[in-house]
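Heads up: the structure comes next, in structure tokens.
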Amino acid sequence: MNRNLFLREFRSNATGLLIWTAIIAFLTTATMSLYSIFLENNTKILAMISILPEGALQFKGVSNVNDLFSVLGFYSANNVIYMLVLGSIYSIVLSSNILLKEEYGRTAEFLLSWPVTRGQVFFSKLAVVVINILAINLIITVAGYISLETCKKEPYSVDAFFIMSVYTLLLHFFFATLGLFMSVLVKKPKPITTLGVAWVMVLYFIFTISNITPDLSWAGYVSPYKFIDLDVVNPAYALDLVNIMYFTLFSFLLIFFSLRIYLRKDIYL
Amino acid sequence: MSTPAIQISDLTKRYGKDRGIENINLQVEEGEIFGFIGPNGAGKSTTIRVLLNLLFPTGGSARIMGLDILRDSKKIRAQTGYIPSEVNPWPDMTAREFLRYSASFYGIAHDAKKIPELMEMFDVEPGRKISDLSSGNRKKLSIIQSFLHTPALLIVDEPTTGLDPLMQSRFFDILRSENRRGMTVFFSSHSLSDVQMLCGRVAIIREGRIVNVEAIETLRKKQLKKIRIEFVDRIPEILTGMPGMKNGVNVSGKAMEFIWSGDMNGLIAALSGKEIADMTVEEPSLEEIFMHYYN
């Protein structure tokens, strides 16, 4: 790793980190502020939910309608889109551009002509990605925890909340390494932000379709979202070793192959 | 015998089916100012980018100061300065920040005196954002960053593009003085006059292949001029088929264009007493030189 490169990269991504963190933390806390109104109108809400098509709740990862009335169930159902989708978009956009921007911005002609190895460039940038993802997850988790503590009407499982946060973090790392891998495959230097966002949306769409269509449940395994357990209200909710292995293995493989390709990559300017 | 500054052996780079460079062989001696000249798209930048390990060769090998360009790339770059043809530093940085950032990779302190000295010499405003700088000012920044660590080898790719004549001359002065102190210069350009002004030897590259490596003196003896003469009446017969005249074109019956090679006095003697309306003498383009010598 190269300290100068790391610091420069960290500084140049700080504004993006602050903006994304503020947006997700705000959406999370704003949504949680609606929990008490939700509880007060439970009869009306149950009536509304009863007319929704079967599977609509599963779209939000809710298996039982009563789960929505627990503070953790409400948090999970309503924040899934922010934490799992927006957070993943942030991760893939950050990582897919972090190496590639030196090529399409043509700054690689300076950076790679200075005494720094490709490996140092790769790991310095990867470290910034890791730190940014850790930071955004830490702040969102703290914001979520404060919201839960503020809004709760009865006790909830704090362990389950932190387990869900670990899954979220693993998912973000997965998308970050996917973004990195995509970027080293690019031959013509140009931004791939749209492609990254499309990947997140497509994989989330596959997951939701597989959730609400029993015949297509097998397709969900294509998506990393399938390996996120959102059934937080379940008393047996715990970290699943297979799921953790899935994310860890894929993330390490994507980093390994990204590095291999980057070390031998022609930098076209 | 000292190790060559650059030793290139059968170096080839292909872009899929497209040509890059083919079997380049070159040797640049330590302390030389070596010209590398060719028209746009000839393979000059590709050669440089392979030497700096931005691109990987398809075949062949190269060594810089005895170090392998693939295995020892970082060590090579620690002793090499590079001025790219198009200068695109990070646009969010100021001029000073860019130079400090560059210096930090060479272990040079950010408050090193050399940074403000060079900025003053090249008339660069330290606090200006790079996004607000003209291409000429960006080129100056690129020149400064290449000198900060006092490199043993300087690789320059079209360095004078965008520089005004005063800065060009200042840059050439620094090149000469650093060269006297032992710095080797690999000077890539499409400008024959720039190369003639600075270099001792020159390699001519065309369509990815080295056409010739010559001493500048030899090239100078082959001095070519592109001449256009417009006569008041018709073109005098004495001019047609004169030895030294090549590629003569009768433009309008009164005017003719040709490449002149050889003794200029012969041409002037032939023109004496003829009524000339207009006459221009200029450097031929590289393509015209290639057509003349190497086709």
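The chains in the structure tokens are called A, B, ... from first to last as shown; in each chain the residues are counted from 1, and the ligands are counted from 1 in the order shown.
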
Please, which residues of chain A lie no more than 10 Å from chain B when the count uses only C-alpha atoms, and can they be set out as a tab-separated table (two decimals) with all heavy atoms, in the first residue's frame?
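part06.tsv, freshly written:
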chain	number	residue	atom	x	y	z
A	2	ASN	N	0.38	2.29	-0.65
A	2	ASN	CA	1.13	3.55	-0.67
A	2	ASN	C	0.36	4.62	0.11
A	2	ASN	O	-0.80	4.91	-0.21
A	2	ASN	CB	1.32	3.99	-2.12
A	2	ASN	CG	2.10	5.27	-2.24
A	2	ASN	OD1	1.59	6.34	-1.96
A	2	ASN	ND2	3.35	5.16	-2.63
A	3	ARG	N	1.01	5.17	1.13
A	3	ARG	CA	0.34	6.10	2.05
A	3	ARG	C	-0.17	7.35	1.33
A	3	ARG	O	-1.30	7.78	1.53
A	3	ARG	CB	1.35	6.49	3.15
A	3	ARG	CG	0.78	7.35	4.23
A	3	ARG	CD	1.80	7.58	5.34
A	3	ARG	NE	1.44	8.74	6.12
A	3	ARG	CZ	1.83	9.96	5.85
A	3	ARG	NH1	2.59	10.20	4.80
A	3	ARG	NH2	1.46	10.97	6.62
A	4	ASN	N	0.66	7.94	0.45
A	4	ASN	CA	0.27	9.18	-0.23
A	4	ASN	C	-0.96	8.97	-1.11
A	4	ASN	O	-1.87	9.79	-1.14
A	4	ASN	CB	1.42	9.69	-1.11
A	4	ASN	CG	2.69	9.83	-0.33
A	4	ASN	OD1	2.69	10.39	0.75
A	4	ASN	ND2	3.78	9.28	-0.86
A	5	LEU	N	-0.92	7.87	-1.82
A	5	LEU	CA	-2.03	7.55	-2.72
A	5	LEU	C	-3.30	7.29	-1.91
A	5	LEU	O	-4.39	7.77	-2.25
A	5	LEU	CB	-1.66	6.30	-3.54
A	5	LEU	CG	-2.69	5.77	-4.52
A	5	LEU	CD1	-3.15	6.83	-5.48
A	5	LEU	CD2	-2.09	4.60	-5.29
A	8	ARG	N	-4.66	10.64	-0.52
A	8	ARG	CA	-5.24	11.43	-1.61
A	8	ARG	C	-6.62	10.84	-2.00
A	8	ARG	O	-7.60	11.56	-2.16
A	8	ARG	CB	-4.26	11.42	-2.79
A	8	ARG	CG	-4.86	11.49	-4.17
A	8	ARG	CD	-5.25	12.89	-4.55
A	8	ARG	NE	-6.11	12.85	-5.73
A	8	ARG	CZ	-6.92	13.82	-6.08
A	8	ARG	NH1	-7.00	14.91	-5.39
A	8	ARG	NH2	-7.68	13.72	-7.16
A	12	SER	N	-10.33	12.50	-1.63
A	12	SER	CA	-11.15	12.80	-2.81
A	12	SER	C	-12.51	12.09	-2.77
A	12	SER	O	-13.43	12.48	-3.46
A	12	SER	CB	-10.39	12.49	-4.11
A	12	SER	OG	-10.32	11.10	-4.29
A	102	GLU	N	-8.65	6.70	-13.09
A	102	GLU	CA	-7.29	7.12	-13.44
A	102	GLU	C	-7.04	6.89	-14.93
A	102	GLU	O	-6.18	7.55	-15.52
A	102	GLU	CB	-6.24	6.32	-12.64
A	102	GLU	CG	-6.41	6.34	-11.13
A	102	GLU	CD	-5.98	7.65	-10.47
A	102	GLU	OE1	-5.60	8.59	-11.18
A	102	GLU	OE2	-6.06	7.71	-9.23
A	105	GLY	N	-9.74	9.42	-16.84
A	105	GLY	CA	-9.30	10.79	-16.57
A	105	GLY	C	-7.88	11.03	-17.07
A	105	GLY	O	-7.36	12.13	-16.99
A	106	ARG	N	-7.24	9.98	-17.57
A	106	ARG	CA	-5.88	9.99	-18.12
A	106	ARG	C	-4.81	10.36	-17.08
A	106	ARG	O	-3.68	10.70	-17.44
A	106	ARG	CB	-5.80	10.90	-19.35
A	106	ARG	CG	-6.80	10.50	-20.43
A	106	ARG	CD	-6.70	11.44	-21.61
A	106	ARG	NE	-5.41	11.31	-22.24
A	106	ARG	CZ	-5.21	10.79	-23.44
A	106	ARG	NH1	-6.22	10.33	-24.12
A	106	ARG	NH2	-4.02	10.71	-23.96
A	107	THR	N	-5.17	10.32	-15.80
A	107	THR	CA	-4.20	10.63	-14.75
A	107	THR	C	-3.25	9.44	-14.51
A	107	THR	O	-2.20	9.61	-13.91
A	107	THR	CB	-4.90	10.98	-13.44
A	107	THR	OG1	-5.92	10.00	-13.19
A	107	THR	CG2	-5.55	12.34	-13.50
A	108	ALA	N	-3.64	8.26	-15.03
A	108	ALA	CA	-2.78	7.07	-14.86
A	108	ALA	C	-1.41	7.31	-15.52
A	108	ALA	O	-0.41	6.72	-15.10
A	108	ALA	CB	-3.44	5.85	-15.49
A	109	GLU	N	-1.39	8.18	-16.52
A	109	GLU	CA	-0.12	8.43	-17.21
A	109	GLU	C	0.89	9.09	-16.26
A	109	GLU	O	2.09	8.91	-16.40
A	109	GLU	CB	-0.34	9.31	-18.44
A	109	GLU	CG	0.83	9.26	-19.39
A	109	GLU	CD	0.44	9.49	-20.82
A	109	GLU	OE1	-0.46	10.31	-21.06
A	109	GLU	OE2	1.05	8.86	-21.71
A	110	PHE	N	0.39	9.83	-15.26
A	110	PHE	CA	1.28	10.33	-14.22
A	110	PHE	C	1.48	9.28	-13.14
A	110	PHE	O	2.59	8.87	-12.86
A	110	PHE	CB	0.72	11.61	-13.60
A	110	PHE	CG	0.89	12.82	-14.45
A	110	PHE	CD1	-0.18	13.48	-15.00
A	110	PHE	CD2	2.16	13.29	-14.73
A	110	PHE	CE1	-0.01	14.59	-15.81
A	110	PHE	CE2	2.36	14.40	-15.54
A	110	PHE	CZ	1.26	15.04	-16.07
A	111	LEU	N	0.36	8.86	-12.57
A	111	LEU	CA	0.43	7.97	-11.41
A	111	LEU	C	1.29	6.74	-11.68
A	111	LEU	O	2.16	6.38	-10.88
A	111	LEU	CB	-1.00	7.54	-11.02
A	111	LEU	CG	-1.11	6.64	-9.80
A	111	LEU	CD1	-0.55	7.32	-8.56
A	111	LEU	CD2	-2.55	6.22	-9.56
A	112	LEU	N	1.08	6.10	-12.82
A	112	LEU	CA	1.81	4.86	-13.09
A	112	LEU	C	3.20	5.10	-13.70
A	112	LEU	O	3.90	4.15	-14.02
A	112	LEU	CB	0.98	3.94	-13.99
A	112	LEU	CG	-0.33	3.45	-13.36
A	112	LEU	CD1	-1.09	2.54	-14.31
A	112	LEU	CD2	-0.09	2.72	-12.04
A	113	SER	N	3.56	6.37	-13.87
A	113	SER	CA	4.95	6.63	-14.29
A	113	SER	C	5.78	7.05	-13.07
A	113	SER	O	6.97	7.29	-13.19
A	113	SER	CB	5.00	7.71	-15.37
A	113	SER	OG	4.66	8.97	-14.83
A	114	TRP	N	5.13	7.15	-11.92
A	114	TRP	CA	5.84	7.45	-10.67
A	114	TRP	C	6.23	6.14	-9.98
A	114	TRP	O	5.65	5.08	-10.29
A	114	TRP	CB	4.95	8.29	-9.75
A	114	TRP	CG	4.67	9.67	-10.28
A	114	TRP	CD1	5.40	10.35	-11.20
A	114	TRP	CD2	3.56	10.52	-9.94
A	114	TRP	NE1	4.82	11.58	-11.46
A	114	TRP	CE2	3.70	11.71	-10.70
A	114	TRP	CE3	2.48	10.41	-9.08
A	114	TRP	CZ2	2.79	12.76	-10.61
A	114	TRP	CZ3	1.58	11.47	-8.99
A	114	TRP	CH2	1.74	12.63	-9.74
A	115	PRO	N	7.18	6.18	-9.05
A	115	PRO	CA	7.64	4.92	-8.44
A	115	PRO	C	6.62	4.30	-7.49
A	115	PRO	O	6.71	4.47	-6.27
A	115	PRO	CB	8.93	5.32	-7.72
A	115	PRO	CG	8.87	6.77	-7.58
A	115	PRO	CD	7.98	7.33	-8.61
A	116	VAL	N	5.66	3.64	-8.05
A	116	VAL	CA	4.65	2.93	-7.27
A	116	VAL	C	4.27	1.70	-8.11
A	116	VAL	O	4.19	1.78	-9.33
A	116	VAL	CB	3.43	3.86	-7.00
A	116	VAL	CG1	2.77	4.35	-8.26
A	116	VAL	CG2	2.42	3.22	-6.10
A	117	THR	N	4.10	0.56	-7.44
A	117	THR	CA	3.76	-0.65	-8.21
A	117	THR	C	2.25	-0.70	-8.43
A	117	THR	O	1.48	-0.06	-7.72
A	117	THR	CB	4.19	-1.92	-7.47
A	117	THR	OG1	3.45	-1.99	-6.24
A	117	THR	CG2	5.68	-1.93	-7.16
A	118	ARG	N	1.85	-1.49	-9.42
A	118	ARG	CA	0.41	-1.66	-9.66
A	118	ARG	C	-0.26	-2.25	-8.42
A	118	ARG	O	-1.38	-1.91	-8.09
A	118	ARG	CB	0.19	-2.61	-10.84
A	118	ARG	CG	0.72	-2.10	-12.16
A	118	ARG	CD	-0.38	-1.57	-13.01
A	118	ARG	NE	0.14	-1.20	-14.31
A	118	ARG	CZ	-0.26	-1.71	-15.45
A	118	ARG	NH1	-1.19	-2.64	-15.47
A	118	ARG	NH2	0.25	-1.31	-16.59
A	264	ARG	N	-1.54	-7.13	-14.95
A	264	ARG	CA	-1.11	-7.38	-16.34
A	264	ARG	C	-1.91	-6.56	-17.34
A	264	ARG	O	-1.86	-6.83	-18.55
A	264	ARG	CB	-1.29	-8.89	-16.67
A	264	ARG	CG	-0.42	-9.83	-15.90
A	264	ARG	CD	1.02	-9.82	-16.36
A	264	ARG	NE	1.15	-10.04	-17.79
A	264	ARG	CZ	2.30	-9.96	-18.45
A	264	ARG	NH1	3.40	-9.65	-17.80
A	264	ARG	NH2	2.37	-10.18	-19.74
A	265	LYS	N	-2.63	-5.59	-16.85
A	265	LYS	CA	-3.53	-4.86	-17.73
A	265	LYS	C	-2.81	-3.78	-18.53
A	265	LYS	O	-1.98	-3.05	-17.98
A	265	LYS	CB	-4.65	-4.21	-16.89
A	265	LYS	CG	-5.75	-3.60	-17.71
A	265	LYS	CD	-6.76	-2.87	-16.85
A	265	LYS	CE	-7.84	-2.29	-17.76
A	265	LYS	NZ	-8.77	-1.45	-17.05
A	266	ASP	N	-3.13	-3.67	-19.80
A	266	ASP	CA	-2.65	-2.55	-20.61
A	266	ASP	C	-3.46	-1.32	-20.24
A	266	ASP	O	-4.69	-1.37	-20.24
A	266	ASP	CB	-2.84	-2.84	-22.10
A	266	ASP	CG	-1.72	-3.71	-22.66
A	266	ASP	OD1	-0.62	-3.70	-22.09
A	266	ASP	OD2	-1.96	-4.41	-23.66
A	267	ILE	N	-2.78	-0.25	-19.91
A	267	ILE	CA	-3.48	1.00	-19.56
A	267	ILE	C	-3.58	1.83	-20.83
A	267	ILE	O	-2.61	2.42	-21.29
A	267	ILE	CB	-2.73	1.77	-18.45
A	267	ILE	CG1	-2.48	0.85	-17.23
A	267	ILE	CG2	-3.48	3.03	-18.05
A	267	ILE	CD1	-3.71	0.39	-16.49
A	268	TYR	N	-4.78	1.83	-21.40
A	268	TYR	CA	-5.02	2.62	-22.62
A	268	TYR	C	-5.44	4.02	-22.23
A	268	TYR	O	-6.29	4.20	-21.36
A	268	TYR	CB	-6.11	1.98	-23.48
A	268	TYR	CG	-5.72	0.63	-24.02
A	268	TYR	CD1	-6.31	-0.53	-23.55
A	268	TYR	CD2	-4.73	0.52	-24.99
A	268	TYR	CE1	-5.94	-1.77	-24.03
A	268	TYR	CE2	-4.36	-0.72	-25.48
A	268	TYR	CZ	-4.97	-1.86	-25.00
A	268	TYR	OH	-4.60	-3.08	-25.47
A	269	LEU	N	-4.83	5.00	-22.87
A	269	LEU	CA	-5.14	6.38	-22.52
A	269	LEU	C	-5.58	7.16	-23.76
A	269	LEU	O	-5.35	6.76	-24.85
A	269	LEU	CB	-3.91	7.03	-21.89
A	269	LEU	CG	-3.43	6.35	-20.60
A	269	LEU	CD1	-1.99	6.69	-20.32
A	269	LEU	CD2	-4.29	6.76	-19.43

Practice item. Tell me, as a list in words, which residues lie within 10 Å of A:His172, counting only C-alpha atoms; anything in the same chain fewer than 5 positions away does not count. Key: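 Skipping anything fewer than 5 positions along the chain leaves Met83, Leu84, Val85, Leu86, Gly87, Ser88, Ile89, Tyr90, Ser91, Ile92, Val130, Ile133, Leu134, Ile136, Asn137, Val166, Tyr167, Thr177, Leu178, Phe247 and Ser251 of chain A.
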
Practice item. From a DSSP calculation on the backbone, collect every residue of stretch 69-164 of chain A in helix (DSSP H, G or I) and output the set as a PyMOL selection string. Key: chain A and resi 69+71-98+100-104+108-111+118-151+158-164

Practice item. Do a neighbour search on A:Pro224 at 9 Å with only C-alpha atoms, toss out local chain neighbours closer than 6 positions, and write the hits as a PyMOL selection string. Key: chain A and resi 171+174-175+203-204+207+246-247

Exercise for review: For A:Val71, list every protein, DNA or RNA residue within 12 Å, evaluated using only C-alpha atoms, and leave out those in the same chain fewer than 2 positions away; present the list as a PyMOL selection string.
Suggested key: chain A and resi 31-36+38-39+66-69+73-79+144-145+147-158+160-161+232-233

Could you give me, as a PDB file with N, CA and C atoms, in the first residue's frame, the residues within 10 Å of stretch 169-172 of chain B, counting only C-alpha atoms and dropping anything in the same chain fewer than 4 positions from it?
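Output file result37.pdb is given in full below:
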ATOM      1  N   MET B 121      10.347  29.689 -12.146  1.00  0.00           N
ATOM      2  CA  MET B 121      11.088  29.656 -13.411  1.00  0.00           C
ATOM      3  C   MET B 121      10.145  29.485 -14.596  1.00  0.00           C
ATOM      4  N   PHE B 122       9.111  28.651 -14.412  1.00  0.00           N
ATOM      5  CA  PHE B 122       8.184  28.398 -15.515  1.00  0.00           C
ATOM      6  C   PHE B 122       6.915  29.247 -15.436  1.00  0.00           C
ATOM      7  N   LYS B 140       3.630  22.934 -18.599  1.00  0.00           N
ATOM      8  CA  LYS B 140       4.708  23.435 -17.734  1.00  0.00           C
ATOM      9  C   LYS B 140       4.747  22.641 -16.422  1.00  0.00           C
ATOM     10  N   ILE B 143       6.338  19.392 -16.975  1.00  0.00           N
ATOM     11  CA  ILE B 143       7.800  19.530 -17.080  1.00  0.00           C
ATOM     12  C   ILE B 143       8.407  19.629 -15.673  1.00  0.00           C
ATOM     13  N   ILE B 144       7.787  20.479 -14.839  1.00  0.00           N
ATOM     14  CA  ILE B 144       8.327  20.670 -13.478  1.00  0.00           C
ATOM     15  C   ILE B 144       8.337  19.348 -12.713  1.00  0.00           C
ATOM     16  N   PRO B 159       7.172  17.292 -26.148  1.00  0.00           N
ATOM     17  CA  PRO B 159       7.161  18.210 -24.994  1.00  0.00           C
ATOM     18  C   PRO B 159       6.843  19.655 -25.348  1.00  0.00           C
ATOM     19  N   THR B 160       7.010  20.042 -26.595  1.00  0.00           N
ATOM     20  CA  THR B 160       6.861  21.474 -26.892  1.00  0.00           C
ATOM     21  C   THR B 160       5.431  21.856 -27.279  1.00  0.00           C
ATOM     22  N   LEU B 163       3.564  24.914 -25.669  1.00  0.00           N
ATOM     23  CA  LEU B 163       4.487  25.858 -25.006  1.00  0.00           C
ATOM     24  C   LEU B 163       4.760  27.047 -25.917  1.00  0.00           C
ATOM     25  N   ASP B 164       4.782  28.256 -25.342  1.00  0.00           N
ATOM     26  CA  ASP B 164       5.130  29.412 -26.162  1.00  0.00           C
ATOM     27  C   ASP B 164       6.646  29.406 -26.390  1.00  0.00           C
ATOM     28  N   PRO B 165       7.136  30.172 -27.391  1.00  0.00           N
ATOM     29  CA  PRO B 165       8.567  30.100 -27.748  1.00  0.00           C
ATOM     30  C   PRO B 165       9.511  30.383 -26.581  1.00  0.00           C
ATOM     31  N   ARG B 176      19.409  21.011 -21.666  1.00  0.00           N
ATOM     32  CA  ARG B 176      20.854  21.000 -21.981  1.00  0.00           C
ATOM     33  C   ARG B 176      21.688  21.010 -20.699  1.00  0.00           C
ATOM     34  N   SER B 177      21.259  21.846 -19.737  1.00  0.00           N
ATOM     35  CA  SER B 177      22.086  21.952 -18.525  1.00  0.00           C
ATOM     36  C   SER B 177      22.005  20.651 -17.707  1.00  0.00           C
ATOM     37  N   GLU B 178      20.817  20.051 -17.631  1.00  0.00           N
ATOM     38  CA  GLU B 178      20.703  18.773 -16.901  1.00  0.00           C
ATOM     39  C   GLU B 178      21.475  17.673 -17.637  1.00  0.00           C
ATOM     40  N   ASP B 194      12.924  20.684 -33.708  1.00  0.00           N
ATOM     41  CA  ASP B 194      13.188  20.503 -32.266  1.00  0.00           C
ATOM     42  C   ASP B 194      14.280  19.463 -32.064  1.00  0.00           C
ATOM     43  N   MET B 197      17.688  20.637 -33.058  1.00  0.00           N
ATOM     44  CA  MET B 197      18.224  21.645 -32.147  1.00  0.00           C
ATOM     45  C   MET B 197      18.904  21.006 -30.929  1.00  0.00           C
ATOM     46  N   LEU B 198      18.402  19.842 -30.501  1.00  0.00           N
ATOM     47  CA  LEU B 198      18.830  19.291 -29.220  1.00  0.00           C
ATOM     48  C   LEU B 198      19.642  18.003 -29.298  1.00  0.00           C
TER      49      LEU B 198
END
